[in-house]
Structure formats: structure tokens, C-alpha cells
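For reference, protein-v3.txt is printed below; it contains compact mmCIF, C-alpha atoms and all ligand atoms.
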```txt
# COMPACT_ATOMS: atom_id res chain seq x y z
CA MET A 265 0.00 0.00 0.00
CA ASN A 266 1.04 3.63 -0.42
CA PRO A 267 2.29 5.48 2.67
CA CYS A 268 -0.36 8.22 2.30
CA PRO A 269 -3.26 9.24 0.00
CA CYS A 270 -0.93 10.91 -2.58
CA GLY A 271 1.75 8.21 -2.28
CA TYR A 272 4.73 10.54 -1.91
CA ALA A 273 5.19 10.62 1.87
CA GLY A 274 8.76 9.81 2.86
CA GLN A 275 10.05 10.31 -0.70
CA VAL A 276 13.82 10.86 -0.67
CA ARG A 277 15.12 13.49 -3.09
CA SER A 278 18.60 14.52 -4.03
CA PRO A 279 19.29 18.28 -3.94
CA GLY A 280 17.78 20.08 -6.93
CA GLN A 281 15.61 17.12 -7.94
CA LYS A 282 12.09 18.10 -8.95
CA GLY A 283 8.88 16.13 -8.61
CA PRO A 284 5.65 15.82 -6.62
CA VAL A 285 5.85 16.53 -2.92
CA CYS A 286 3.55 15.07 -0.23
CA ARG A 287 1.30 17.67 1.39
CA CYS A 288 -0.93 15.18 3.24
CA THR A 289 -1.66 16.10 6.86
CA PRO A 290 -0.88 13.60 9.66
CA ASP A 291 -4.65 13.24 10.10
CA GLN A 292 -5.14 12.34 6.41
CA VAL A 293 -2.30 9.81 6.59
CA HIS A 294 -3.82 8.25 9.72
CA ARG A 295 -7.29 8.01 8.15
CA TYR A 296 -5.81 6.53 4.97
CA SER A 297 -3.80 3.78 6.68
CA SER A 298 -6.59 2.90 9.12
CA LYS A 299 -8.78 1.92 6.12
CA VAL A 300 -6.85 -1.35 6.00
CA SER A 301 -8.39 -3.43 8.75
CA GLY A 302 -6.29 -4.89 11.57
CA PRO A 303 -7.58 -8.45 10.97
CA LEU A 304 -6.56 -8.16 7.29
CA LEU A 305 -3.05 -6.95 8.16
CA ASP A 306 -2.88 -9.78 10.68
CA ARG A 307 -3.14 -12.25 7.78
CA ILE A 308 -0.22 -10.75 5.85
CA ASP A 309 3.04 -12.39 6.90
CA LEU A 310 5.63 -9.81 5.92
CA HIS A 311 5.17 -6.07 6.43
CA ILE A 312 8.11 -4.25 4.90
CA GLU A 313 8.50 -0.51 4.48
CA VAL A 314 10.01 0.40 1.11
CA PRO A 315 10.95 4.07 0.99
CA GLY A 316 10.90 5.83 -2.38
CA GLN A 317 14.34 6.16 -3.98
CA SER A 318 15.69 8.97 -6.11
CA ALA A 319 16.82 8.16 -9.66
CA ALA A 320 20.42 8.87 -8.63
CA MET A 321 20.24 6.38 -5.75
CA LEU A 322 18.76 3.69 -7.99
CA ILE A 323 21.36 4.20 -10.73
CA ASN A 324 24.30 4.28 -8.32
CA ALA A 325 23.15 1.32 -6.19
CA PRO A 326 25.71 -1.51 -6.02
CA ALA A 327 24.75 -4.81 -7.68
CA GLY A 328 22.95 -7.12 -5.25
CA GLU A 329 23.02 -10.90 -4.93
CA SER A 330 21.94 -12.72 -8.09
CA THR A 331 18.39 -14.05 -8.23
CA ALA A 332 19.73 -17.51 -9.14
CA LEU A 333 21.77 -17.63 -5.92
CA ILE A 334 18.83 -16.49 -3.77
CA GLN A 335 16.57 -19.03 -5.51
CA LYS A 336 19.03 -21.81 -4.67
CA ARG A 337 19.05 -20.80 -0.99
CA CYS A 338 15.24 -20.68 -0.92
CA HIS A 339 14.93 -24.13 -2.51
CA HIS A 340 17.32 -25.54 0.07
CA ALA A 341 15.41 -23.97 2.98
CA ARG A 342 12.11 -25.32 1.64
CA LEU A 343 13.66 -28.77 1.25
CA LEU A 344 14.82 -28.65 4.90
CA ALA A 345 11.29 -27.80 6.03
CA THR A 346 9.68 -30.51 3.92
CA GLN A 347 12.14 -33.18 5.09
CA ARG A 348 11.60 -32.19 8.73
CA GLN A 349 7.82 -31.91 8.86
CA GLY A 350 6.37 -32.96 5.49
CA CYS A 351 5.12 -29.47 4.59
CA SER A 352 6.28 -25.88 4.23
CA ASN A 353 6.64 -23.76 7.38
CA HIS A 354 3.68 -21.66 6.27
CA ALA A 355 1.45 -24.77 6.21
CA LEU A 356 2.30 -25.84 9.79
CA SER A 357 -0.71 -26.23 12.06
CA SER A 358 -0.64 -24.81 15.60
CA ALA A 359 -0.04 -28.28 17.05
CA SER A 360 2.81 -28.96 14.61
CA LEU A 361 4.35 -25.59 15.47
CA ASP A 362 4.81 -26.77 19.05
CA LYS A 363 6.79 -29.72 17.73
CA HIS A 364 8.73 -28.23 14.81
CA ALA A 365 9.16 -24.63 15.93
CA ALA A 366 9.86 -25.24 19.62
CA LEU A 367 11.97 -22.53 21.26
CA GLY A 368 14.85 -22.71 23.70
CA VAL A 369 14.69 -20.89 27.04
CA ASP A 370 16.17 -17.58 25.79
CA ALA A 371 14.24 -17.50 22.53
CA LEU A 372 10.99 -18.32 24.35
CA ALA A 373 11.54 -15.55 26.90
CA TYR A 374 12.23 -13.07 24.09
CA MET A 375 9.20 -14.17 22.07
CA THR A 376 6.95 -13.87 25.13
CA GLN A 377 8.29 -10.39 25.87
CA VAL A 378 7.74 -9.14 22.30
CA ALA A 379 4.27 -10.69 21.93
CA THR A 380 3.23 -9.09 25.23
CA HIS A 381 4.69 -5.71 24.24
CA PHE A 382 2.82 -5.59 20.91
CA GLY A 383 -0.32 -7.26 22.29
CA TRP A 384 -0.21 -9.88 19.53
CA SER A 385 -3.04 -12.31 18.94
CA GLY A 386 -2.25 -16.03 18.98
CA ARG A 387 -2.45 -15.90 15.19
CA SER A 388 0.14 -13.12 14.99
CA SER A 389 2.51 -14.98 17.32
CA HIS A 390 2.15 -18.14 15.25
CA ARG A 391 2.92 -16.22 12.06
CA VAL A 392 6.08 -14.79 13.59
CA LEU A 393 7.12 -18.28 14.70
CA LYS A 394 6.65 -19.65 11.18
CA ILE A 395 8.68 -16.80 9.71
CA ALA A 396 11.39 -17.31 12.35
CA ARG A 397 11.41 -21.04 11.46
CA THR A 398 12.00 -20.08 7.80
CA ILE A 399 14.75 -17.61 8.71
CA ALA A 400 16.43 -20.37 10.76
CA ASP A 401 16.11 -22.75 7.78
CA LEU A 402 17.65 -20.15 5.47
CA ALA A 403 20.55 -19.93 7.95
CA GLN A 404 20.67 -23.77 8.06
CA SER A 405 20.10 -23.66 11.80
CA ALA A 406 18.31 -26.64 13.38
CA ASN A 407 17.09 -24.43 16.25
CA ILE A 408 15.19 -21.16 16.16
CA GLU A 409 17.50 -18.72 17.93
CA THR A 410 16.61 -15.36 19.46
CA ALA A 411 18.20 -13.58 16.45
CA HIS A 412 15.84 -15.43 14.07
CA ILE A 413 12.84 -14.28 16.09
CA ALA A 414 14.18 -10.73 16.26
CA GLU A 415 14.41 -10.65 12.46
CA ALA A 416 10.91 -12.08 12.07
CA VAL A 417 9.56 -9.45 14.49
CA GLN A 418 10.87 -6.70 12.20
CA TYR A 419 8.51 -7.91 9.48
CA ARG A 420 5.48 -7.31 11.71
CA ARG A 421 6.08 -3.74 12.70
CA PRO A 422 2.89 -1.86 13.44
CA VAL A 423 1.53 0.09 10.46
CA ALA A 424 0.60 3.75 11.14
CA GLY A 425 -3.04 3.99 12.19
CA HIS A 426 -3.06 0.56 13.85
ZN ZN B 1 0.95 12.33 0.72
```
Can the structure in the file be given as C-alpha cells, please?
Amino acid sequence: MNPCPCGYAGQVRSPGQKGPVCRCTPDQVHRYSSKVSGPLLDRIDLHIEVPGQSAAMLINAPAGESTALIQKRCHHARLLATQRQGCSNHALSSASLDKHAALGVDALAYMTQVATHFGWSGRSSHRVLKIARTIADLAQSANIETAHIAEAVQYRRPVAGH
């Protein structure tokens, strides 16, 4: 979704660059983002803020990892999940989560603290656990560590207006 009704809030410009500028008021931005219902957002696994980039930043950006390499890593992580539990992490039921996404003492304490802080529903907590399980698989880690949960938590940051 756009960050505001006009879509230009948070746009980064290099000096002298021309283009549309956001003039939305904080109240308009709040009303706009609150149109997306909480329960709907709750069902979306990854919430990532993507700030607008200037043409200069895009052109001068260093080359990233190749898609082929990322694809290989993703295939391997999915294979790990399927071999372990017979399905993808996303498809894990609540009962299977207890078995295949069990947390150690530190990770459990951290997860409890974060879920309490954000007032997450059981569904939200389960989604974070599944994402953390995937992050651990991508790192080829048998256990879900606190760092994997911390990364997963970043993908569920509260959206303005919620
Ligand atoms: Zn705007």
C-alpha cells in the first residue's frame, strides 16, 4: 500500500531534484492507513517498508546478490522444512508448530516479551514463529534462535493507524 493518499510521503530526493511533494496532513495519513483493517493486516506475513528512492540512488546502487543464488538458498530452505515436517513452514498447524518450531529458554523468553509488548493475537505470534522457522532454515540452523525471532519481528512492525 502507499504510505499516504498521494503516495509521496517519505520520498527521498537529491538536492535540486524536482517532482511531486507530499502535502498530506498527519490526520489524512492516519485516516488513509486505518482503512486497512487490523484483521486483514494480521493475515499478511511480511510487512516491509520500502521508501521511495531517487533516480540517482537507484542508478548508483551496487549490484545485489543474483536471483539464481537467492533461488538456490530458498529451494534448500524449503527442502529442509519438507524433510523435517512434510510441509512448508507456512502450512504448519498450531499443534505442529509446538513440535517443529519449539523454542529454547532464551528465545521463548524473548518471544513472550515481544508478543506481550505488541499485544499480539495467537495468530500473529504463530505467524512470527513460522517466519522465524523459515529464517532459521535459510541460515541452516536446526534451532530457532533469538536472532531469528528478532528478524521475524521486524517484518510485523505496526503500520501507522493501527
Ligand atoms: Zn501524501
Distance query Ala411 in chain A at most 12 Å, only C-alpha atoms, self and fewer than 5 positions along chain excluded, as a list in words: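 So, after excluding close chain neighbours, the residues are Leu367, Asp370, Ala371, Leu372, Tyr374, Met375, Ala396, Arg397, Ile399, Ala400, Ala403, Ser405, Ala416, Val417 and Gln418 of chain A.
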Contacts of range 346-356 of chain A within 7 Å, all atoms listed in the file, excl. fewer than 5 positions in-chain, as a VMD selection string: chain A and resid 361 394 397 to 398
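Among the candidate residues A:Ser385, A:Asn407, A:Gln281, A:Thr289, the one lying nearest to ligand ZN 1 (chain B) is A:Thr289, with distances computed using only C-alpha atoms and all ligand atoms.
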Atomic separation - CA of His339 in chain A relative to CA of Ala327 in chain A, Å: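 Separating CA of Ala327 in chain A from CA of His339 in chain A is a distance of 22.3 Å.
Residues in contact with ligand ZN 1 (chain B) comprise Asn266, Pro267, Cys268, Pro269, Cys270, Gly271, Tyr272, Ala273, Gly274, Val285, Cys286, Arg287, Cys288, Thr289, Gln292 and Val293 of chain A, where contact means an atom-to-atom distance of at most 9 Å counting all atoms listed in the file.
Each of A:His311, A:Arg295, A:Arg277, A:His412 was compared to Leu393 in chain A using all atoms listed in the file, and A:His412 turns out to be the nearest.
If you look at CA of Asp401 in chain A and CA of Ser389 in chain A, they are 18.3 Å away from each other.
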Please define a box with edges along x, y and z of the file around all atoms of range 287-305 of chain A given in the file, extend it by 3 Å on each side, and return its centre and edge lengths in Å to one decimal, as AutoDock Vina command-line options.
```
--center_x -3.7 --center_y 4.6 --center_z 6.5 --size_x 16.1 --size_y 32.1 --size_z 16.2
```
Between CA of Ile395 in chain A and CA of His364 in chain A, distance in Å (one decimal): 12.5 Å
Shell of 8 Å around Leu402 in chain A, all atoms listed in the file, local chain residues under 4 positions omitted, as a VMD selection string: chain A and resid 337 to 338 340 to 341 398
Mind dumping the selected residues with C-alpha atoms as a PDB file, in the coordinates of the input?
```pdb
ATOM      1  CA  ARG A 337      19.050 -20.800  -0.990  1.00  0.00           C
ATOM      2  CA  CYS A 338      15.240 -20.680  -0.920  1.00  0.00           C
ATOM      3  CA  HIS A 340      17.320 -25.540   0.070  1.00  0.00           C
ATOM      4  CA  ALA A 341      15.410 -23.970   2.980  1.00  0.00           C
ATOM      5  CA  THR A 398      12.000 -20.080   7.800  1.00  0.00           C
TER       6      THR A 398
END
```
Selected residue of minimal separation from Arg421 in chain A among A:Ser330, A:Gln335, A:Ile312, A:Gln377, counting all atoms listed in the file: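 Among the listed residues, A:Ile312 lies closest to Arg421 in chain A.
Those residues that approach Tyr419 in chain A to within 10 Å, counting all atoms listed in the file, are A:Ile308, A:Asp309, A:Leu310, A:His311, A:Ile312, A:Glu313, A:Val392, A:Ile395, A:Ala414, A:Glu415; same-chain residues fewer than 4 positions away are not listed.
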Nearest to Thr410 in chain A, chosen from A:Glu329, A:Asn324, A:Ala366, A:Ser301, with only C-alpha atoms counted in the distances: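 When distances to Thr410 in chain A are compared using only C-alpha atoms, the smallest one comes from A:Ala366.
With all atoms listed in the file as the atoms that count, the residue of A:Val276, A:Leu305, A:Thr380, A:Lys363 with the shortest distance to Ala320 in chain A is A:Val276.
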Nearest-residue call for Ser357 in chain A, choices A:Thr376, A:Val300, A:Arg387, A:Pro315, using all atoms listed in the file: A:Arg387
Missing atoms of range 300-315 of chain A rebuilt to N, CA and C atoms, written as a PDB file, in the coordinates of the input:
```pdb
ATOM      1  N   VAL A 300      -7.208   0.067   6.073  1.00  0.00           N
ATOM      2  CA  VAL A 300      -6.850  -1.350   6.000  1.00  0.00           C
ATOM      3  C   VAL A 300      -7.123  -1.919   7.381  1.00  0.00           C
ATOM      4  N   SER A 301      -7.976  -2.933   7.444  1.00  0.00           N
ATOM      5  CA  SER A 301      -8.390  -3.430   8.750  1.00  0.00           C
ATOM      6  C   SER A 301      -7.276  -4.218   9.445  1.00  0.00           C
ATOM      7  N   GLY A 302      -7.257  -4.153  10.762  1.00  0.00           N
ATOM      8  CA  GLY A 302      -6.290  -4.890  11.570  1.00  0.00           C
ATOM      9  C   GLY A 302      -6.310  -6.386  11.258  1.00  0.00           C
ATOM     10  N   PRO A 303      -7.520  -7.007  11.263  1.00  0.00           N
ATOM     11  CA  PRO A 303      -7.580  -8.450  10.970  1.00  0.00           C
ATOM     12  C   PRO A 303      -7.005  -8.801   9.597  1.00  0.00           C
ATOM     13  N   LEU A 304      -7.137  -7.891   8.616  1.00  0.00           N
ATOM     14  CA  LEU A 304      -6.560  -8.160   7.290  1.00  0.00           C
ATOM     15  C   LEU A 304      -5.035  -8.124   7.364  1.00  0.00           C
ATOM     16  N   LEU A 305      -4.505  -7.069   8.002  1.00  0.00           N
ATOM     17  CA  LEU A 305      -3.050  -6.950   8.160  1.00  0.00           C
ATOM     18  C   LEU A 305      -2.484  -8.160   8.898  1.00  0.00           C
ATOM     19  N   ASP A 306      -3.270  -8.638   9.863  1.00  0.00           N
ATOM     20  CA  ASP A 306      -2.880  -9.780  10.680  1.00  0.00           C
ATOM     21  C   ASP A 306      -2.599 -11.018   9.814  1.00  0.00           C
ATOM     22  N   ARG A 307      -3.269 -11.080   8.668  1.00  0.00           N
ATOM     23  CA  ARG A 307      -3.140 -12.250   7.780  1.00  0.00           C
ATOM     24  C   ARG A 307      -2.003 -12.108   6.781  1.00  0.00           C
ATOM     25  N   ILE A 308      -1.350 -10.967   6.768  1.00  0.00           N
ATOM     26  CA  ILE A 308      -0.220 -10.750   5.850  1.00  0.00           C
ATOM     27  C   ILE A 308       1.069 -10.995   6.625  1.00  0.00           C
ATOM     28  N   ASP A 309       1.869 -11.949   6.145  1.00  0.00           N
ATOM     29  CA  ASP A 309       3.040 -12.390   6.900  1.00  0.00           C
ATOM     30  C   ASP A 309       4.137 -11.336   7.026  1.00  0.00           C
ATOM     31  N   LEU A 310       4.479 -10.707   5.909  1.00  0.00           N
ATOM     32  CA  LEU A 310       5.630  -9.810   5.920  1.00  0.00           C
ATOM     33  C   LEU A 310       5.200  -8.376   5.648  1.00  0.00           C
ATOM     34  N   HIS A 311       5.453  -7.503   6.609  1.00  0.00           N
ATOM     35  CA  HIS A 311       5.170  -6.070   6.430  1.00  0.00           C
ATOM     36  C   HIS A 311       6.521  -5.378   6.295  1.00  0.00           C
ATOM     37  N   ILE A 312       6.813  -4.870   5.131  1.00  0.00           N
ATOM     38  CA  ILE A 312       8.110  -4.250   4.900  1.00  0.00           C
ATOM     39  C   ILE A 312       7.927  -2.853   4.330  1.00  0.00           C
ATOM     40  N   GLU A 313       8.584  -1.884   4.959  1.00  0.00           N
ATOM     41  CA  GLU A 313       8.500  -0.510   4.480  1.00  0.00           C
ATOM     42  C   GLU A 313       9.542  -0.321   3.379  1.00  0.00           C
ATOM     43  N   VAL A 314       9.087   0.173   2.229  1.00  0.00           N
ATOM     44  CA  VAL A 314      10.010   0.400   1.110  1.00  0.00           C
ATOM     45  C   VAL A 314       9.983   1.868   0.754  1.00  0.00           C
ATOM     46  N   PRO A 315      10.959   2.631   1.259  1.00  0.00           N
ATOM     47  CA  PRO A 315      10.950   4.070   0.990  1.00  0.00           C
ATOM     48  C   PRO A 315      11.226   4.348  -0.489  1.00  0.00           C
TER      49      PRO A 315
END
```
